Amino acid sequence: MILLRLIPVILSFLLLGAHFSRDDQHVLTLIALVFPFLLLIKKSWIPKLFQIALILSALEWLRSSYFYIEAREQNGESWTILALIMGGVALFTILSALVFKSKTLKKRYF
């Protein structure tokens, strides 16, 4: 049951790892892929750490969106679908932080 609730968080970090991998940022890719293993630690600071990390991740998606859209505009390409996808991923990432508000996860970490 706990693992099911954490799937959005884990998926958010896997997507972030893929994003960093695409840009050949190997250290950030590794951090994003290893970060979910911190969920195994049953400490009260884990939810806050993940909420902050997920907010920063969503900001990274928005920052990247800006640059990808700008590049597409300069090349005269359509950027609408890109904006929708990137915005959706940023929204999914930010909403993943809300899983720590559930009673099940509060019991686990507090």
# chains A, B, ... in the order shown; residues from 1 in each chain; ligands from 1
$ residues_around --residues "stretch 98-101 of chain A" --least-positions-apart "3" --cutoff "8 Å" --atoms "only C-alpha atoms" --output "PDB file with C-alpha atoms, in the first residue's frame"
ATOM      1  CA  ARG A   5       1.281   5.815  -2.768  1.00  0.00           C
ATOM      2  CA  LEU A   6       4.934   6.508  -3.531  1.00  0.00           C
ATOM      3  CA  PRO A   8       4.152   9.232  -8.361  1.00  0.00           C
ATOM      4  CA  VAL A   9       7.221  10.357  -6.403  1.00  0.00           C
ATOM      5  CA  PRO A  47       8.798  14.062   3.487  1.00  0.00           C
ATOM      6  CA  GLN A  51       8.645  17.952  -1.143  1.00  0.00           C
ATOM      7  CA  ILE A  94       4.529  19.234  -8.182  1.00  0.00           C
ATOM      8  CA  LEU A  95       1.396  17.225  -7.402  1.00  0.00           C
ATOM      9  CA  LEU A 105       2.649   8.110   4.743  1.00  0.00           C
ATOM     10  CA  LYS A 106       2.295  10.358   7.782  1.00  0.00           C
TER      11      LYS A 106
END
$ residues_around --residues "A:Ser12" --least-positions-apart "3" --cutoff "8 Å" --atoms "only C-alpha atoms" --output "list in words"
Pro8, Val9, Leu15, Leu16, Leu54, Phe92, Thr93 and Ser96 of chain A
$ closest_residue --among "A:Met86, A:Gly17, A:Phe35, A:Leu11" --to "A:Trp61" --atoms "only C-alpha atoms"
A:Met86
$ closest_residue --among "A:Leu49, A:Leu4, A:Val34, A:Val89" --to "A:His19" --atoms "only C-alpha atoms"
A:Val89
$ residues_around --residues "A:Phe110" --least-positions-apart "5" --cutoff "10 Å" --atoms "only C-alpha atoms" --output "ChimeraX atom specification"
/A:42-47,105
$ select_by_dssp --residues "chain A" --states "alpha helix (DSSP H)" --output "tab-separated table (two decimals) with C-alpha atoms, in the first residue's frame"
chain	number	residue	atom	x	y	z
A	2	ILE	CA	2.81	2.40	0.87
A	3	LEU	CA	4.64	1.61	-2.38
A	4	LEU	CA	1.51	2.40	-4.41
A	5	ARG	CA	1.28	5.81	-2.77
A	6	LEU	CA	4.93	6.51	-3.53
A	7	ILE	CA	4.73	5.60	-7.23
A	8	PRO	CA	4.15	9.23	-8.36
A	9	VAL	CA	7.22	10.36	-6.40
A	10	ILE	CA	9.39	7.57	-7.79
A	11	LEU	CA	8.12	8.17	-11.33
A	12	SER	CA	8.84	11.89	-11.00
A	13	PHE	CA	12.47	11.16	-10.17
A	14	LEU	CA	12.79	8.60	-12.97
A	15	LEU	CA	11.51	11.19	-15.44
A	16	LEU	CA	13.92	13.75	-14.03
A	17	GLY	CA	16.76	11.27	-14.41
A	18	ALA	CA	15.81	10.71	-18.05
A	19	HIS	CA	15.69	14.48	-18.57
A	20	PHE	CA	19.18	14.94	-17.14
A	21	SER	CA	20.45	11.95	-19.10
A	22	ARG	CA	19.22	13.53	-22.34
A	26	HIS	CA	25.54	12.20	-15.60
A	27	VAL	CA	25.96	13.30	-11.98
A	28	LEU	CA	22.45	14.78	-11.85
A	29	THR	CA	21.09	11.68	-13.58
A	30	LEU	CA	22.65	9.47	-10.93
A	31	ILE	CA	21.34	11.66	-8.11
A	32	ALA	CA	17.82	11.60	-9.55
A	33	LEU	CA	17.90	7.81	-9.90
A	34	VAL	CA	19.33	7.15	-6.43
A	46	ILE	CA	12.20	12.68	4.60
A	47	PRO	CA	8.80	14.06	3.49
A	48	LYS	CA	10.04	17.67	3.66
A	49	LEU	CA	13.21	16.78	1.77
A	50	PHE	CA	11.17	15.14	-0.98
A	51	GLN	CA	8.65	17.95	-1.14
A	52	ILE	CA	11.44	20.49	-1.59
A	53	ALA	CA	13.18	18.27	-4.16
A	54	LEU	CA	9.94	17.80	-6.10
A	55	ILE	CA	9.26	21.55	-6.13
A	56	LEU	CA	12.79	22.19	-7.40
A	57	SER	CA	12.29	19.45	-10.00
A	58	ALA	CA	9.09	21.09	-11.23
A	59	LEU	CA	10.96	24.38	-11.53
A	60	GLU	CA	13.63	22.58	-13.57
A	61	TRP	CA	10.93	21.29	-15.91
A	62	LEU	CA	9.58	24.82	-16.34
A	63	ARG	CA	13.08	26.25	-16.87
A	64	SER	CA	13.83	23.62	-19.50
A	65	SER	CA	10.47	24.22	-21.15
A	66	TYR	CA	11.34	27.86	-21.65
A	67	PHE	CA	14.62	27.03	-23.38
A	68	TYR	CA	13.17	24.21	-25.51
A	69	ILE	CA	10.28	26.41	-26.62
A	70	GLU	CA	12.64	29.24	-27.43
A	71	ALA	CA	14.81	26.91	-29.53
A	72	ARG	CA	11.79	25.64	-31.42
A	73	GLU	CA	10.58	29.17	-32.09
A	74	GLN	CA	13.98	30.14	-33.49
A	80	THR	CA	2.51	23.83	-28.61
A	81	ILE	CA	2.66	20.09	-27.95
A	82	LEU	CA	6.06	20.47	-26.32
A	83	ALA	CA	4.64	23.09	-23.97
A	84	LEU	CA	1.67	20.89	-23.08
A	85	ILE	CA	3.84	17.86	-22.38
A	86	MET	CA	6.44	19.75	-20.38
A	87	GLY	CA	3.74	21.62	-18.46
A	88	GLY	CA	2.01	18.32	-17.73
A	89	VAL	CA	5.23	16.78	-16.43
A	90	ALA	CA	5.87	19.85	-14.23
A	91	LEU	CA	2.32	19.65	-12.88
A	92	PHE	CA	2.62	15.91	-12.23
A	93	THR	CA	5.92	16.50	-10.42
A	94	ILE	CA	4.53	19.23	-8.18
A	95	LEU	CA	1.40	17.22	-7.40
A	96	SER	CA	3.56	14.23	-6.44
A	103	LYS	CA	-2.45	9.34	6.55
A	104	THR	CA	-0.53	6.22	5.52
A	105	LEU	CA	2.65	8.11	4.74
A	106	LYS	CA	2.29	10.36	7.78
A	107	LYS	CA	2.24	7.23	9.94
A	108	ARG	CA	5.33	5.88	8.21
A	109	TYR	CA	7.46	8.99	8.53
$ decode --residues "stretch 19-105 of chain A" --atoms "C-alpha atoms" --output "tab-separated table (two decimals), in the first residue's frame"
chain	number	residue	atom	x	y	z
A	19	HIS	CA	15.69	14.48	-18.57
A	20	PHE	CA	19.18	14.94	-17.14
A	21	SER	CA	20.45	11.95	-19.10
A	22	ARG	CA	19.22	13.53	-22.34
A	23	ASP	CA	21.43	16.54	-21.58
A	24	ASP	CA	24.41	14.30	-20.67
A	25	GLN	CA	24.39	15.50	-17.06
A	26	HIS	CA	25.54	12.20	-15.60
A	27	VAL	CA	25.96	13.30	-11.98
A	28	LEU	CA	22.45	14.78	-11.85
A	29	THR	CA	21.09	11.68	-13.58
A	30	LEU	CA	22.65	9.47	-10.93
A	31	ILE	CA	21.34	11.66	-8.11
A	32	ALA	CA	17.82	11.60	-9.55
A	33	LEU	CA	17.90	7.81	-9.90
A	34	VAL	CA	19.33	7.15	-6.43
A	35	PHE	CA	17.23	9.76	-4.60
A	36	PRO	CA	14.09	7.55	-4.32
A	37	PHE	CA	16.05	5.06	-2.22
A	38	LEU	CA	15.98	7.67	0.55
A	39	LEU	CA	12.29	6.78	0.89
A	40	LEU	CA	13.42	3.66	2.72
A	41	ILE	CA	14.58	5.83	5.64
A	42	LYS	CA	11.81	6.25	8.22
A	43	LYS	CA	12.64	9.72	9.51
A	44	SER	CA	10.42	12.76	9.92
A	45	TRP	CA	12.61	14.94	7.66
A	46	ILE	CA	12.20	12.68	4.60
A	47	PRO	CA	8.80	14.06	3.49
A	48	LYS	CA	10.04	17.67	3.66
A	49	LEU	CA	13.21	16.78	1.77
A	50	PHE	CA	11.17	15.14	-0.98
A	51	GLN	CA	8.65	17.95	-1.14
A	52	ILE	CA	11.44	20.49	-1.59
A	53	ALA	CA	13.18	18.27	-4.16
A	54	LEU	CA	9.94	17.80	-6.10
A	55	ILE	CA	9.26	21.55	-6.13
A	56	LEU	CA	12.79	22.19	-7.40
A	57	SER	CA	12.29	19.45	-10.00
A	58	ALA	CA	9.09	21.09	-11.23
A	59	LEU	CA	10.96	24.38	-11.53
A	60	GLU	CA	13.63	22.58	-13.57
A	61	TRP	CA	10.93	21.29	-15.91
A	62	LEU	CA	9.58	24.82	-16.34
A	63	ARG	CA	13.08	26.25	-16.87
A	64	SER	CA	13.83	23.62	-19.50
A	65	SER	CA	10.47	24.22	-21.15
A	66	TYR	CA	11.34	27.86	-21.65
A	67	PHE	CA	14.62	27.03	-23.38
A	68	TYR	CA	13.17	24.21	-25.51
A	69	ILE	CA	10.28	26.41	-26.62
A	70	GLU	CA	12.64	29.24	-27.43
A	71	ALA	CA	14.81	26.91	-29.53
A	72	ARG	CA	11.79	25.64	-31.42
A	73	GLU	CA	10.58	29.17	-32.09
A	74	GLN	CA	13.98	30.14	-33.49
A	75	ASN	CA	13.87	27.14	-35.82
A	76	GLY	CA	10.33	27.98	-36.90
A	77	GLU	CA	8.97	24.75	-35.46
A	78	SER	CA	5.72	24.20	-33.61
A	79	TRP	CA	6.10	24.25	-29.84
A	80	THR	CA	2.51	23.83	-28.61
A	81	ILE	CA	2.66	20.09	-27.95
A	82	LEU	CA	6.06	20.47	-26.32
A	83	ALA	CA	4.64	23.09	-23.97
A	84	LEU	CA	1.67	20.89	-23.08
A	85	ILE	CA	3.84	17.86	-22.38
A	86	MET	CA	6.44	19.75	-20.38
A	87	GLY	CA	3.74	21.62	-18.46
A	88	GLY	CA	2.01	18.32	-17.73
A	89	VAL	CA	5.23	16.78	-16.43
A	90	ALA	CA	5.87	19.85	-14.23
A	91	LEU	CA	2.32	19.65	-12.88
A	92	PHE	CA	2.62	15.91	-12.23
A	93	THR	CA	5.92	16.50	-10.42
A	94	ILE	CA	4.53	19.23	-8.18
A	95	LEU	CA	1.40	17.22	-7.40
A	96	SER	CA	3.56	14.23	-6.44
A	97	ALA	CA	4.64	16.19	-3.39
A	98	LEU	CA	1.08	15.93	-2.08
A	99	VAL	CA	1.34	12.17	-1.50
A	100	PHE	CA	3.12	12.90	1.76
A	101	LYS	CA	-0.12	14.43	3.09
A	102	SER	CA	-1.80	11.00	3.18
A	103	LYS	CA	-2.45	9.34	6.55
A	104	THR	CA	-0.53	6.22	5.52
A	105	LEU	CA	2.65	8.11	4.74
